[in-house]
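Undergrad: After the structure tokens below, expect a handful of questions from me.
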Amino acid sequence: MQKKFVTINNKVENFNKKINIDGDKSLSIRWALLASQAIGISKAKNLLKSDDVQNTLNCLKKLGVKIVQKNNLCTIEGRGLNGFIYKNNLTLNAGNSGTLGRLILSLLIKSPYKIKIIGDKSLSKRDFSRVIEPLKKIGINFYPPQKSKLPIYIKGSNYLRPINYFENRGSAQCKTCIMLASLNVPGITKIKAKVSRDHTEKMFRSLNVPLKIKKTDKYDYITVSRPNFIKKIDFNIPGDISSAAFFIVLTLLSKNSKLTIKNININSSRIGVIKILNKMGAKIQLKNFKIMNGERCSDIKVKSIKNLKGINCPVSLNSAAIDEFLIIFLVAAKSKGISYFKDLSELNQKESPRLTIAAKILKMMGVRLKYDSSSIKIYGNPNLKLSKNIIIKNFLKDHRVFMMSVIAALSFGGKWKIFDPDSIKTSFPSFFLKIKEIGAKIK
């Protein structure tokens, strides 16, 4: 029987290392979904080998898509737009992935049968109305009609219409759902979207999907027209900044340490964590730039910093760091002064109520703070060191909560027992291997 927790009794010792990070999860899932709609065989190297991505591939296979995985190469033989093979009584399992659960709906909008979408316990608690409602306006049917959480049934239509959609949460998933749906909708789909990750826009452009974008400080105005076809897409997928962030913070909070993380996706809509940490006194450097399928990539160089300072975090950086705030809070805990983070209600809409759970963990560590449903104020202590026992459990097996706790244990000391190590399979299956590469000890 596999061990259900890890123990950490020692801080990490000083290190000077170079590491590689698993492929970007957002890019991996989007590549697979778009490759299934393409004409020809698409190839991806360094596709993330996580549960979320594997569930994506499994769903596509159930829809008649031929997929071959061998070593570090994945090939998908696309079936073209609306080319899925639909079967009666089909069930698609999104597992823990909100990205997959929401985006797969947009590719099923012409299914002649009801398709059941399910997920794990955590995903089944998350709100799907944010994508169900605009898809209904396009002409899609959902059953039961008023239900907004999984499991749910979707049935397509031959009478689809373009919509004007206002995305005001800063959710790239919601925006992408409508963009993917537009591939099978006649006419012009118009989207006004609060600024968020733009991976889908970059992929659309690389595939010559008819797309126009007008950018302002707060919103992107996007128009999409249905293409005649999508060409195959080959991609050497760069490392995930969200995964790299754990090691960036571990290096910042360790003594006399340096780290280079090779070939990371530094899309401008994803590097909020770097901008925030640099404002707090870090000196994170980006080196060896390159462009891959429209995505900007580079190596990341980081070193230990003694004099970190608090921050009144600009709300404008929230969407570009939404998956990294848990780890940013650890830096705030060790910084001089008060850090204030606001308008973060979206954090409680993730795999777990992350803002609430992060506050509880910080309190267990002895960090002084104030928080509510959308903000947190952290009173930093540069001399914070732990010697007590801390047990982390009952966090809905959230992978980012687990990894945050590991980094806290390795950075602040104390004796930690952290449950549900299998949760890392969701996004970062090689997490423990990378921890060991830099010399940390976990039992």
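So you can find residues: chains in the structure tokens are A, B, ... in the order shown, residues in each start at 1, and ligands are numbered from 1 in order.
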Near Gly64 in chain A, within 9 Å and counting only C-alpha atoms, which residues show up once chain neighbours fewer than 5 positions away are dropped, as a ChimeraX atom specification?

TA: /A:79,83-86

Undergrad: Based on the backbone DSSP call, show me all residues of range 304-419 of chain A assigned alpha helix (DSSP H), as a VMD selection string.

TA: chain A and resid 325 to 334 354 to 364 399 to 412

Undergrad: I need the strand (DSSP E) residues of range 365-435 of chain A per DSSP on the backbone, written as a ChimeraX atom specification.

TA: /A:368-371,376-379,386-392,413-419

Undergrad: Please report as CSV every residue of range 313-363 of chain A lying within 9 Å of range 370-385 of chain A, along with the nearest atom pair and their distance in Å (one decimal), using only C-alpha atoms.

TA:
residue,atom,partner,partner_atom,distance
A:Phe329,CA,A:Ile378,CA,7.7
A:Val331,CA,A:Gly380,CA,8.4
A:Ala332,CA,A:Gly380,CA,5.7
A:Ala333,CA,A:Gly380,CA,4.4
A:Lys334,CA,A:Pro382,CA,4.5
A:Ser335,CA,A:Gly380,CA,4.9
A:Lys336,CA,A:Gly380,CA,5.4
A:Gly337,CA,A:Gly380,CA,5.4
A:Ile338,CA,A:Tyr379,CA,4.6
A:Ser339,CA,A:Ile378,CA,5.1
A:Tyr340,CA,A:Lys377,CA,4.5
A:Phe341,CA,A:Ile376,CA,5.4
A:Lys342,CA,A:Ser375,CA,4.1
A:Asp343,CA,A:Ser374,CA,5.2
A:Leu344,CA,A:Ser374,CA,4.6
A:Ser345,CA,A:Ser374,CA,4.2
A:Glu346,CA,A:Ser374,CA,7.8
A:Leu347,CA,A:Ser374,CA,8.0
A:Asn348,CA,A:Ser373,CA,7.8
A:Leu355,CA,A:Ser373,CA,7.5
A:Thr356,CA,A:Ser373,CA,7.4
A:Ala359,CA,A:Tyr371,CA,7.2

Undergrad: Got time to write the residues from that selection, N, CA, C and O atoms, as a short mmCIF file (atom, residue, chain, number, x, y, z; two decimals), in the first residue's frame?

TA:
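Output file again-v1.cif follows:
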data_model
loop_
_atom_site.label_atom_id
_atom_site.label_comp_id
_atom_site.auth_asym_id
_atom_site.auth_seq_id
_atom_site.Cartn_x
_atom_site.Cartn_y
_atom_site.Cartn_z
N PHE A 329 2.62 33.81 -0.90
CA PHE A 329 2.30 34.08 0.51
C PHE A 329 3.45 33.65 1.43
O PHE A 329 3.68 34.27 2.47
N VAL A 331 6.62 33.83 0.75
CA VAL A 331 7.62 34.90 0.67
C VAL A 331 7.18 36.08 1.53
O VAL A 331 7.98 36.68 2.26
N ALA A 332 5.88 36.40 1.48
CA ALA A 332 5.36 37.49 2.30
C ALA A 332 5.57 37.21 3.78
O ALA A 332 5.85 38.12 4.57
N ALA A 333 5.44 35.94 4.17
CA ALA A 333 5.60 35.56 5.58
C ALA A 333 7.02 35.81 6.08
O ALA A 333 7.24 36.05 7.27
N LYS A 334 8.00 35.77 5.17
CA LYS A 334 9.41 35.93 5.55
C LYS A 334 9.92 37.34 5.24
O LYS A 334 11.08 37.66 5.49
N SER A 335 9.07 38.19 4.71
CA SER A 335 9.49 39.53 4.29
C SER A 335 9.34 40.55 5.41
O SER A 335 8.55 40.37 6.35
N LYS A 336 10.07 41.63 5.31
CA LYS A 336 9.96 42.72 6.26
C LYS A 336 8.76 43.60 5.89
O LYS A 336 8.62 44.03 4.75
N GLY A 337 7.87 43.80 6.86
CA GLY A 337 6.72 44.67 6.60
C GLY A 337 5.45 43.87 6.31
O GLY A 337 5.40 42.65 6.43
N ILE A 338 4.44 44.61 5.91
CA ILE A 338 3.11 44.04 5.69
C ILE A 338 2.88 43.86 4.19
O ILE A 338 3.17 44.74 3.40
N SER A 339 2.35 42.69 3.82
CA SER A 339 1.95 42.43 2.44
C SER A 339 0.43 42.33 2.38
O SER A 339 -0.20 41.70 3.24
N TYR A 340 -0.14 42.96 1.36
CA TYR A 340 -1.60 42.98 1.22
C TYR A 340 -1.97 42.51 -0.19
O TYR A 340 -1.49 43.06 -1.19
N PHE A 341 -2.80 41.48 -0.26
CA PHE A 341 -3.27 40.91 -1.52
C PHE A 341 -4.79 40.97 -1.51
O PHE A 341 -5.43 40.47 -0.58
N LYS A 342 -5.38 41.55 -2.55
CA LYS A 342 -6.83 41.74 -2.56
C LYS A 342 -7.45 41.29 -3.89
O LYS A 342 -6.74 41.01 -4.85
N ASP A 343 -8.78 41.23 -3.90
CA ASP A 343 -9.55 40.80 -5.07
C ASP A 343 -9.13 39.40 -5.52
O ASP A 343 -8.95 39.14 -6.71
N LEU A 344 -9.00 38.49 -4.55
CA LEU A 344 -8.56 37.13 -4.84
C LEU A 344 -9.66 36.09 -4.61
O LEU A 344 -9.38 34.94 -4.28
N SER A 345 -10.90 36.48 -4.76
CA SER A 345 -12.00 35.53 -4.55
C SER A 345 -11.90 34.32 -5.49
O SER A 345 -12.35 33.22 -5.17
N GLU A 346 -11.28 34.53 -6.66
CA GLU A 346 -11.13 33.44 -7.63
C GLU A 346 -10.28 32.30 -7.05
O GLU A 346 -10.44 31.15 -7.46
N LEU A 347 -9.42 32.60 -6.08
CA LEU A 347 -8.60 31.55 -5.47
C LEU A 347 -9.46 30.50 -4.77
O LEU A 347 -9.10 29.33 -4.72
N ASN A 348 -10.59 30.92 -4.25
CA ASN A 348 -11.48 29.97 -3.57
C ASN A 348 -12.36 29.20 -4.54
O ASN A 348 -13.19 28.39 -4.11
N LEU A 355 -7.47 30.23 -0.82
CA LEU A 355 -7.18 31.38 0.03
C LEU A 355 -7.43 31.03 1.49
O LEU A 355 -6.61 31.32 2.37
N THR A 356 -8.53 30.36 1.75
CA THR A 356 -8.87 29.95 3.11
C THR A 356 -7.86 28.96 3.66
O THR A 356 -7.39 29.08 4.80
N ALA A 359 -4.44 30.54 4.40
CA ALA A 359 -4.48 31.31 5.65
C ALA A 359 -4.36 30.38 6.86
O ALA A 359 -3.64 30.70 7.82
#

Undergrad: Find the spatial neighbours of range 18-31 of chain A, counting only C-alpha atoms, within a cut-off of 9 Å - ignore same-chain residues fewer than 3 positions away - and output them as a ChimeraX atom specification.

TA: /A:34-36,42,44-50,52-53,56-57,99-100,103,199-200,203,233-244,258-265,427-431,434,437-438

Undergrad: Pick out the residues sitting within 12 Å of Val6 in chain A, and hand them over as a PyMOL selection string; count only C-alpha atoms, and ignore anything fewer than 4 positions along from it in its own chain.

TA: chain A and resi 2+390-393+402-403+405-406+409+415-422+432+441-443

Undergrad: Using only C-alpha atoms, which of the listed residues (A:Ser225, A:Ser411, A:Ser124, A:Ser298) sits closest to Leu286 in chain A?

TA: A:Ser298

Undergrad: With distances taken over only C-alpha atoms, which residue among A:Thr223, A:Asn164, A:Ser304, A:Asn278 lies nearest Asn14 in chain A?

TA: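 Closest to Asn14 in chain A, using only C-alpha atoms: A:Ser304.
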
Undergrad: Write out as a ChimeraX atom specification which residues come within 12 Å of Asp198 in chain A when counting only C-alpha atoms, dropping same-chain ones fewer than 4 positions away.

TA: /A:26-27,30,170-176,179,193-194,202-205,213,215,219-220,222,266-270,294-296,319-320
